[in-house]
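Enquirer: Just model_9.cif, nothing more (mmCIF, C-alpha atoms and all ligand atoms):
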data_run
#
loop_
_atom_site.label_atom_id
_atom_site.label_comp_id
_atom_site.auth_asym_id
_atom_site.auth_seq_id
_atom_site.Cartn_x
_atom_site.Cartn_y
_atom_site.Cartn_z
CA MET U 14 131.01 -59.97 110.63
CA SER U 15 132.44 -57.09 108.68
CA SER U 16 132.65 -53.35 109.32
CA ARG U 17 134.03 -50.33 107.54
CA THR U 18 137.70 -49.59 108.09
CA TYR U 19 138.92 -46.73 110.26
CA ALA U 20 140.21 -45.03 107.12
CA GLU U 21 136.84 -45.17 105.38
CA ARG U 22 135.05 -43.77 108.40
CA ALA U 23 137.68 -41.11 109.03
CA ALA U 24 137.39 -39.88 105.45
CA ALA U 25 133.67 -39.37 105.94
CA HIS U 26 133.86 -37.48 109.23
CA PRO U 27 133.41 -33.67 109.17
CA ASN U 28 135.90 -33.03 112.00
CA PRO U 29 139.53 -33.09 110.77
CA LEU U 30 140.63 -34.79 114.01
CA ALA U 31 138.92 -38.00 113.00
CA LYS U 32 141.40 -38.36 110.13
CA GLY U 33 144.94 -39.67 110.12
CA ARG U 34 145.73 -42.84 112.01
CA LYS U 35 148.53 -45.30 112.38
CA LYS U 36 148.16 -49.05 112.82
CA SER U 37 147.17 -48.88 116.45
CA ASN U 38 143.86 -48.56 118.24
CA LEU U 39 145.54 -48.32 121.63
CA SER U 40 145.37 -45.29 123.88
CA ILE U 41 147.53 -45.17 126.96
CA ALA U 42 145.90 -43.71 130.09
CA ALA U 43 149.02 -42.00 131.42
CA ASP U 44 148.00 -41.59 135.04
CA VAL U 45 151.39 -40.73 136.53
CA SER U 46 152.23 -37.91 138.88
CA SER U 47 155.50 -36.43 137.66
CA LYS U 48 156.50 -34.53 134.55
CA LYS U 49 159.46 -36.82 134.04
CA GLU U 50 157.38 -40.00 134.16
CA LEU U 51 154.71 -38.55 131.88
CA LEU U 52 157.19 -37.51 129.21
CA GLU U 53 159.04 -40.80 129.51
CA LEU U 54 155.81 -42.73 128.95
CA ALA U 55 154.99 -40.60 125.92
CA ASP U 56 158.42 -41.18 124.38
CA VAL U 57 158.79 -44.86 125.22
CA LEU U 58 155.22 -45.90 124.34
CA GLY U 59 154.67 -43.34 121.56
CA PRO U 60 155.44 -45.81 118.76
CA TYR U 61 152.65 -48.17 119.88
CA ILE U 62 149.75 -45.83 120.53
CA CYS U 63 147.34 -43.67 118.55
CA LEU U 64 146.36 -41.54 121.51
CA PHE U 65 147.96 -40.32 124.73
CA LYS U 66 145.39 -39.71 127.47
CA THR U 67 146.35 -37.44 130.34
CA HIS U 68 144.96 -36.34 133.71
CA ILE U 69 147.10 -33.23 133.76
CA ASP U 70 145.89 -32.20 137.24
CA ILE U 71 147.59 -35.18 138.89
CA VAL U 72 151.06 -34.08 137.78
CA ASP U 73 152.86 -32.57 140.78
CA ASP U 74 155.32 -30.43 138.82
CA PHE U 75 153.19 -29.28 135.88
CA ASP U 76 154.61 -26.41 133.84
CA GLN U 77 154.29 -25.03 130.33
CA ASP U 78 157.43 -26.86 129.29
CA LEU U 79 155.67 -30.16 130.01
CA VAL U 80 152.97 -29.50 127.43
CA ASP U 81 155.50 -28.08 124.97
CA GLN U 82 157.54 -31.28 125.22
CA LEU U 83 154.46 -33.48 125.12
CA SER U 84 153.27 -31.70 121.97
CA ALA U 85 156.68 -32.28 120.36
CA LEU U 86 156.46 -35.99 121.23
CA ALA U 87 152.96 -36.14 119.73
CA LEU U 88 154.45 -34.93 116.45
CA LYS U 89 157.49 -37.19 116.70
CA HIS U 90 155.44 -40.35 117.28
CA ASP U 91 152.24 -39.32 115.48
CA PHE U 92 149.75 -39.62 118.31
CA MET U 93 147.05 -37.27 119.51
CA ILE U 94 146.69 -35.90 123.03
CA PHE U 95 143.47 -36.38 124.99
CA GLU U 96 143.13 -34.52 128.28
CA ASP U 97 140.57 -36.57 130.20
CA ARG U 98 139.14 -33.53 131.99
CA LYS U 99 135.55 -34.77 132.28
CA PHE U 100 134.05 -31.30 132.39
CA ALA U 101 130.69 -31.28 134.17
CA ASP U 102 129.58 -27.67 134.77
CA ILE U 103 127.45 -25.04 133.02
CA GLY U 104 128.57 -23.77 129.62
CA ASN U 105 130.07 -20.51 130.81
CA THR U 106 132.13 -22.15 133.53
CA VAL U 107 133.52 -24.96 131.39
CA LYS U 108 134.48 -22.42 128.75
CA ASN U 109 136.79 -20.79 131.30
CA GLN U 110 138.03 -24.10 132.68
CA TYR U 111 138.88 -25.27 129.16
CA SER U 112 140.66 -22.12 128.01
CA SER U 113 142.18 -20.62 131.16
CA GLY U 114 143.50 -21.37 134.63
CA VAL U 115 146.79 -23.14 135.22
CA TYR U 116 146.51 -25.67 132.41
CA HIS U 117 145.09 -23.85 129.34
CA ILE U 118 143.85 -27.27 128.19
CA ALA U 119 142.45 -26.09 124.87
CA SER U 120 145.85 -24.76 123.80
CA TRP U 121 147.53 -28.20 123.74
CA SER U 122 144.98 -31.01 124.02
CA HIS U 123 143.57 -32.19 120.69
CA ILE U 124 140.65 -33.95 122.35
CA THR U 125 138.87 -33.51 125.65
CA ASN U 126 135.66 -34.90 127.12
CA CYS U 127 132.66 -33.88 129.17
CA HIS U 128 129.76 -35.34 131.06
CA PRO U 129 126.45 -34.58 129.32
CA LEU U 130 124.90 -34.24 132.81
CA PRO U 131 124.39 -30.43 132.85
CA GLY U 132 122.62 -30.47 129.46
CA GLU U 133 123.57 -29.24 126.04
CA GLY U 134 125.02 -25.91 127.19
CA ILE U 135 128.17 -27.72 128.26
CA ILE U 136 128.84 -28.67 124.65
CA SER U 137 128.04 -25.16 123.37
CA GLY U 138 130.40 -23.62 125.93
CA LEU U 139 133.30 -25.93 125.14
CA LYS U 140 132.65 -25.54 121.43
CA GLU U 141 133.09 -21.77 121.58
CA VAL U 142 136.66 -22.35 122.71
CA GLY U 143 137.52 -25.59 120.96
CA LEU U 144 136.07 -25.29 117.48
CA PRO U 145 138.22 -22.34 116.35
CA LEU U 146 141.26 -24.35 117.48
CA ASN U 147 140.15 -27.48 115.56
CA ARG U 148 139.68 -29.45 118.76
CA GLY U 149 137.34 -32.40 119.24
CA LEU U 150 135.05 -33.38 122.10
CA LEU U 151 133.97 -36.78 123.42
CA LEU U 152 130.82 -37.24 125.47
CA LEU U 153 130.91 -39.67 128.38
CA ALA U 154 127.79 -41.62 127.48
CA GLU U 155 128.67 -44.54 129.76
CA MET U 156 131.30 -45.26 132.40
CA SER U 157 133.29 -48.39 133.15
CA SER U 158 132.87 -48.24 136.92
CA ALA U 159 130.46 -50.38 138.91
CA GLY U 160 127.13 -48.71 139.66
CA SER U 161 127.58 -45.91 137.11
CA LEU U 162 124.45 -43.78 136.67
CA ALA U 163 125.24 -43.14 133.00
CA THR U 164 122.91 -45.79 131.61
CA GLY U 165 119.60 -46.14 129.83
CA GLU U 166 117.86 -42.86 129.05
CA TYR U 167 120.95 -40.83 130.05
CA THR U 168 123.05 -42.68 127.50
CA LYS U 169 120.36 -42.33 124.84
CA ILE U 170 120.02 -38.58 125.34
CA SER U 171 123.83 -38.21 125.25
CA VAL U 172 123.78 -39.64 121.74
CA GLU U 173 121.07 -37.22 120.67
CA MET U 174 123.11 -34.31 122.05
CA ALA U 175 126.16 -35.46 120.11
CA ARG U 176 124.16 -35.66 116.88
CA ARG U 177 123.23 -31.99 117.21
CA HIS U 178 126.93 -31.00 117.51
CA LYS U 179 128.67 -33.14 114.93
CA ASP U 180 131.03 -30.33 114.00
CA PHE U 181 132.67 -30.62 117.44
CA VAL U 182 131.64 -33.91 119.04
CA ILE U 183 133.74 -36.58 117.35
CA GLY U 184 132.62 -39.50 119.48
CA PHE U 185 132.03 -41.04 122.86
CA VAL U 186 133.63 -42.59 125.85
CA ALA U 187 131.42 -45.63 126.22
CA GLY U 188 131.54 -49.37 126.71
CA ARG U 189 130.10 -50.14 123.31
CA ARG U 190 129.03 -48.67 119.98
CA LEU U 191 125.77 -46.77 120.39
CA THR U 192 125.21 -45.49 116.84
CA GLU U 193 125.29 -46.80 113.29
CA GLU U 194 128.72 -46.84 111.68
CA SER U 195 127.44 -44.50 108.98
CA GLU U 196 127.25 -41.73 111.61
CA ASN U 197 131.06 -41.82 111.92
CA PHE U 198 131.34 -41.27 115.66
CA ILE U 199 134.49 -42.72 117.21
CA TYR U 200 134.22 -44.86 120.36
CA PHE U 201 136.84 -44.88 123.11
CA THR U 202 136.55 -47.55 125.79
CA PRO U 203 138.38 -47.59 129.13
CA GLY U 204 138.24 -50.40 131.67
CA VAL U 205 140.41 -52.68 129.53
CA GLY U 206 142.68 -55.28 131.10
CA LEU U 207 143.95 -58.71 130.15
CA ASP U 208 145.05 -59.90 133.57
CA THR U 209 142.49 -58.68 136.13
CA THR U 210 138.77 -58.00 136.35
CA GLY U 211 138.80 -55.05 138.75
CA ASP U 212 140.89 -52.76 140.97
CA GLY U 213 138.97 -52.86 144.27
CA LEU U 214 137.72 -49.28 143.73
CA GLY U 215 134.93 -49.96 141.28
CA GLN U 216 136.88 -50.21 138.04
CA GLN U 217 135.77 -53.15 135.88
CA TYR U 218 138.01 -54.65 133.19
CA ARG U 219 137.13 -56.34 129.91
CA THR U 220 139.37 -57.68 127.18
CA PRO U 221 140.36 -55.80 124.00
CA ARG U 222 138.61 -58.46 121.96
CA ASN U 223 135.36 -58.01 123.84
CA VAL U 224 135.54 -54.24 123.52
CA ILE U 225 136.53 -53.99 119.86
CA LEU U 226 135.00 -57.05 118.26
CA GLU U 227 131.96 -57.89 120.34
CA CYS U 228 130.99 -54.38 121.47
CA GLY U 229 132.02 -52.46 118.34
CA SER U 230 134.27 -49.85 119.97
CA ASP U 231 137.20 -48.26 118.12
CA VAL U 232 139.91 -47.42 120.64
CA ILE U 233 140.93 -49.24 123.82
CA ILE U 234 142.16 -47.12 126.72
CA VAL U 235 144.64 -48.94 128.95
CA GLY U 236 146.42 -47.60 132.02
CA ARG U 237 147.67 -49.84 134.80
CA GLY U 238 147.52 -52.93 132.58
CA ILE U 239 150.54 -51.45 130.81
CA TYR U 240 152.59 -49.69 133.51
CA GLY U 241 151.21 -51.14 136.78
CA PRO U 242 153.59 -52.49 139.43
CA GLY U 243 156.09 -55.01 138.11
CA LYS U 244 155.04 -54.61 134.47
CA ASP U 245 157.39 -54.28 131.51
CA ARG U 246 155.58 -51.36 129.91
CA ILE U 247 156.93 -51.81 126.39
CA ALA U 248 156.11 -55.51 126.37
CA GLN U 249 152.62 -54.77 127.71
CA ALA U 250 152.02 -51.93 125.24
CA LYS U 251 152.94 -54.29 122.40
CA ARG U 252 150.65 -56.94 123.85
CA TYR U 253 147.64 -54.61 124.13
CA ARG U 254 148.32 -53.09 120.74
CA GLU U 255 148.43 -56.52 119.16
CA ALA U 256 145.26 -57.63 120.98
CA GLY U 257 143.39 -54.48 119.98
CA TRP U 258 144.59 -54.46 116.39
CA SER U 259 143.91 -58.13 115.71
CA ALA U 260 140.38 -57.70 117.08
CA TYR U 261 139.94 -54.78 114.68
CA LEU U 262 141.25 -56.78 111.71
CA GLU U 263 138.87 -59.57 112.60
CA LYS U 264 136.02 -57.08 112.81
CA ILE U 265 136.65 -55.66 109.35
CA GLY U 266 137.02 -59.19 107.98
CA HIS U 267 140.78 -59.34 107.39
CA SER U 268 142.94 -62.06 108.86
CA ALA U 269 145.59 -60.80 111.29
O1 LIG L 1 134.29 -44.69 132.39
C1 LIG L 1 135.48 -44.39 132.44
C2 LIG L 1 135.98 -43.28 131.77
C3 LIG L 1 137.35 -43.03 131.81
S1 LIG L 1 137.96 -41.78 130.79
N1 LIG L 1 136.35 -45.18 133.13
C4 LIG L 1 137.70 -44.93 133.19
O2 LIG L 1 138.44 -45.71 133.80
N2 LIG L 1 138.21 -43.80 132.56
C5 LIG L 1 139.65 -43.47 132.65
O3 LIG L 1 140.40 -44.52 132.03
C6 LIG L 1 140.20 -43.33 134.06
O4 LIG L 1 140.12 -41.99 134.51
C7 LIG L 1 141.65 -43.78 133.91
O5 LIG L 1 142.47 -42.71 133.50
C8 LIG L 1 141.59 -44.79 132.77
C9 LIG L 1 141.59 -46.24 133.19
O6 LIG L 1 142.80 -46.59 133.81
P1 LIG L 1 143.16 -48.08 134.23
O7 LIG L 1 144.44 -47.96 134.96
O8 LIG L 1 142.04 -48.61 135.06
O9 LIG L 1 143.32 -48.86 132.92
#
Would you encode the structure as structure tokens?

Expert:
Amino acid sequence: MSSRTYAERAAAHPNPLAKGRKKSNLSIAADVSSKKELLELADVLGPYICLFKTHIDIVDDFDQDLVDQLSALALKHDFMIFEDRKFADIGNTVKNQYSSGVYHIASWSHITNCHPLPGEGIISGLKEVGLPLNRGLLLLAEMSSAGSLATGEYTKISVEMARRHKDFVIGFVAGRRLTEESENFIYFTPGVGLDTTGDGLGQQYRTPRNVILECGSDVIIVGRGIYGPGKDRIAQAKRYREAGWSAYLEKIGHSA
């Protein structure tokens, strides 16, 4: 089995965010609750990741200095920032949520995501804010949790919505590739773990190999598998990076 390389697909994508990668298809899901821990994760794991995913609203002591420092670390280690905001409201509301409030997400987060649930206006609203800033959007076409309603027709229509907004929608959060490679959408898959199959709250884990090689995704998103209780986070980040990257090399037909 052979696929096009990330570099070939990035070169063909109209959104500048799809370009420029290092040899990692690992995103950390940095779900920690203090500024100190978040910045520490970004600095310590920065060398091993292509993307740093945040839930900024779980940080107890958020301030502007946090995003200033995080942005500096993104430059230092060459990763992008993805605020996993999962917008889900009407266009006008998400526009305000994306640009304003406490977090001013659009001002620092290179990528964010939304549920297609409310219909296409959600993309149009976010685009009004994000496009002038060169931001990119991911649609949640599927979810990793048990019993997710984002399946079947919902997933199919999500893809159609993305196709109508290719200037802003750079890809999907999904469990598998849903489009031809020639369409150049990037796939980000959470629910990745090498040691467990679930978390008791509905999360379901699959391996990097399954996600990248068998299901055709591009980026693995890993949280607790890297920094969960008792884990050596650098050792785990290296392990997931290696597992994700060797699956990618196998997919494009190179030996690891
Ligand atoms: O379907 C999804 C979509 C997302 S973005 N399932 C998910 O788990 N996520 C996010 O990925 C979730 O919010 C969390 O930040 C991360 C998974 O974390 P882990 O600790 O289970 O690896």

Enquirer: Nearest residue to Arg190 (chain U) out of U:Ser230, U:Ser122, U:Ser157, U:Thr220, using only C-alpha atoms?

Expert: U:Ser230

Enquirer: Kindly give the distance, in Å, that separates CA of Val80 (chain U) and CA of Glu50 (chain U), rounded to a single decimal.

Expert: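 A separation of 13.2 Å between them.
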
Enquirer: Name each residue within 8 Å of ligand LIG 1 (chain L), counting all atoms listed in the file, as a PyMOL selection string.

Expert: chain U and resi 42-44+66-68+97+99+153+155-158+186-188+202-206+212+216-218+234-239+241

Enquirer: Give the answer as one residue: which of U:Gly104, U:Leu162, U:Thr168, U:Ala154 has the shortest atom-to-atom distance to Glu141 (chain U), using only C-alpha atoms?

Expert: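 The shortest atom-to-atom distance to Glu141 (chain U) comes from U:Gly104.
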
Enquirer: Using all atoms listed in the file, which residue out of U:Leu144, U:Ala20, U:Ala250, U:Cys63 lies closest to Phe92 (chain U)?

Expert: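 For Phe92 (chain U), the nearest of the candidates is U:Cys63.
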
Enquirer: When you look at Ile94 (chain U) with a cut-off of 8 Å (counting all atoms listed in the file), what residues show up, excluding the ones that are within fewer than 3 positions of it in the same chain? I need them as a PDB file with C-alpha atoms, in the coordinates of the input.

Expert:
ATOM      1  CA  LEU U  64     146.360 -41.540 121.510  1.00  0.00           C
ATOM      2  CA  PHE U  65     147.960 -40.320 124.730  1.00  0.00           C
ATOM      3  CA  LYS U  66     145.390 -39.710 127.470  1.00  0.00           C
ATOM      4  CA  THR U  67     146.350 -37.440 130.340  1.00  0.00           C
ATOM      5  CA  SER U  84     153.270 -31.700 121.970  1.00  0.00           C
ATOM      6  CA  ALA U  87     152.960 -36.140 119.730  1.00  0.00           C
ATOM      7  CA  TRP U 121     147.530 -28.200 123.740  1.00  0.00           C
ATOM      8  CA  SER U 122     144.980 -31.010 124.020  1.00  0.00           C
ATOM      9  CA  HIS U 123     143.570 -32.190 120.690  1.00  0.00           C
ATOM     10  CA  ILE U 124     140.650 -33.950 122.350  1.00  0.00           C
TER      11      ILE U 124
END

Enquirer: Between U:Asn126, U:Ser37, U:Thr18, U:Asn223, single out the one closest to Lys251 (chain U), counting only C-alpha atoms.

Expert: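 Among U:Asn126, U:Ser37, U:Thr18, U:Asn223, it is U:Ser37 that comes nearest to Lys251 (chain U).
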
Enquirer: Please compute the CA of Arg219 (chain U)-CA of Tyr253 (chain U) distance, one decimal, in Å.

Expert: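 Taking CA of Arg219 (chain U) as the start and CA of Tyr253 (chain U) as the end point, the length is 12.1 Å.
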
Enquirer: Could you check which of U:Asp78, U:Gly165, U:Ser137, U:Lys35 is closest to Met93 (chain U), using all atoms listed in the file?

Expert: U:Lys35

Enquirer: Report the distance between CA of Leu58 (chain U) and CA of Pro221 (chain U) in Å, rounded to one decimal place.

Expert: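 Separating CA of Leu58 (chain U) from CA of Pro221 (chain U) is a distance of 17.9 Å.
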
Enquirer: Listed atoms of region 40-51 of chain U, axis-aligned box, 5 Å per side: centre and edge lengths to one decimal in Å, as JSON?

Expert:
{"center_x": 152.4, "center_y": -39.9, "center_z": 131.4, "size_x": 24.1, "size_y": 20.8, "size_z": 25.0}

Enquirer: Closest to Glu255 (chain U) among U:Glu227, U:Gly211, U:Phe95, U:Arg222, using all atoms listed in the file?

Expert: U:Arg222

Enquirer: At a cut-off of 7 Å, using all atoms listed in the file, what residues contact Asn38 (chain U)? Leave out same-chain residues fewer than 6 positions from it and give the result as an MDAnalysis selection string.

Expert: chainID U and resid 62:63 231:233 254 257:258

Enquirer: Write out the residues from the selection above, keeping C-alpha atoms, as a short mmCIF file (atom, residue, chain, number, x, y, z; two decimals), in the coordinates of the input.

Expert:
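The new file selection_15.cif reads:
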data_model
loop_
_atom_site.label_atom_id
_atom_site.label_comp_id
_atom_site.auth_asym_id
_atom_site.auth_seq_id
_atom_site.Cartn_x
_atom_site.Cartn_y
_atom_site.Cartn_z
CA ILE U 62 149.75 -45.83 120.53
CA CYS U 63 147.34 -43.67 118.55
CA ASP U 231 137.20 -48.26 118.12
CA VAL U 232 139.91 -47.42 120.64
CA ILE U 233 140.93 -49.24 123.82
CA ARG U 254 148.32 -53.09 120.74
CA GLY U 257 143.39 -54.48 119.98
CA TRP U 258 144.59 -54.46 116.39
#

Enquirer: Just want the 7 Å neighbourhood of Gly229 (chain U), counted on all atoms listed in the file, with same-chain residues fewer than 4 positions away dropped. Output as a PyMOL selection string.

Expert: chain U and resi 189-190+224-225

Enquirer: Fewer than 3 positions away in the same chain doesn't count, so skip those; otherwise give me all residues within 10 Å of Ala119 (chain U), counting only C-alpha atoms, as a VMD selection string.

Expert: chain U and resid 96 108 110 to 113 116 122 to 125 139 142 to 144 146 to 149
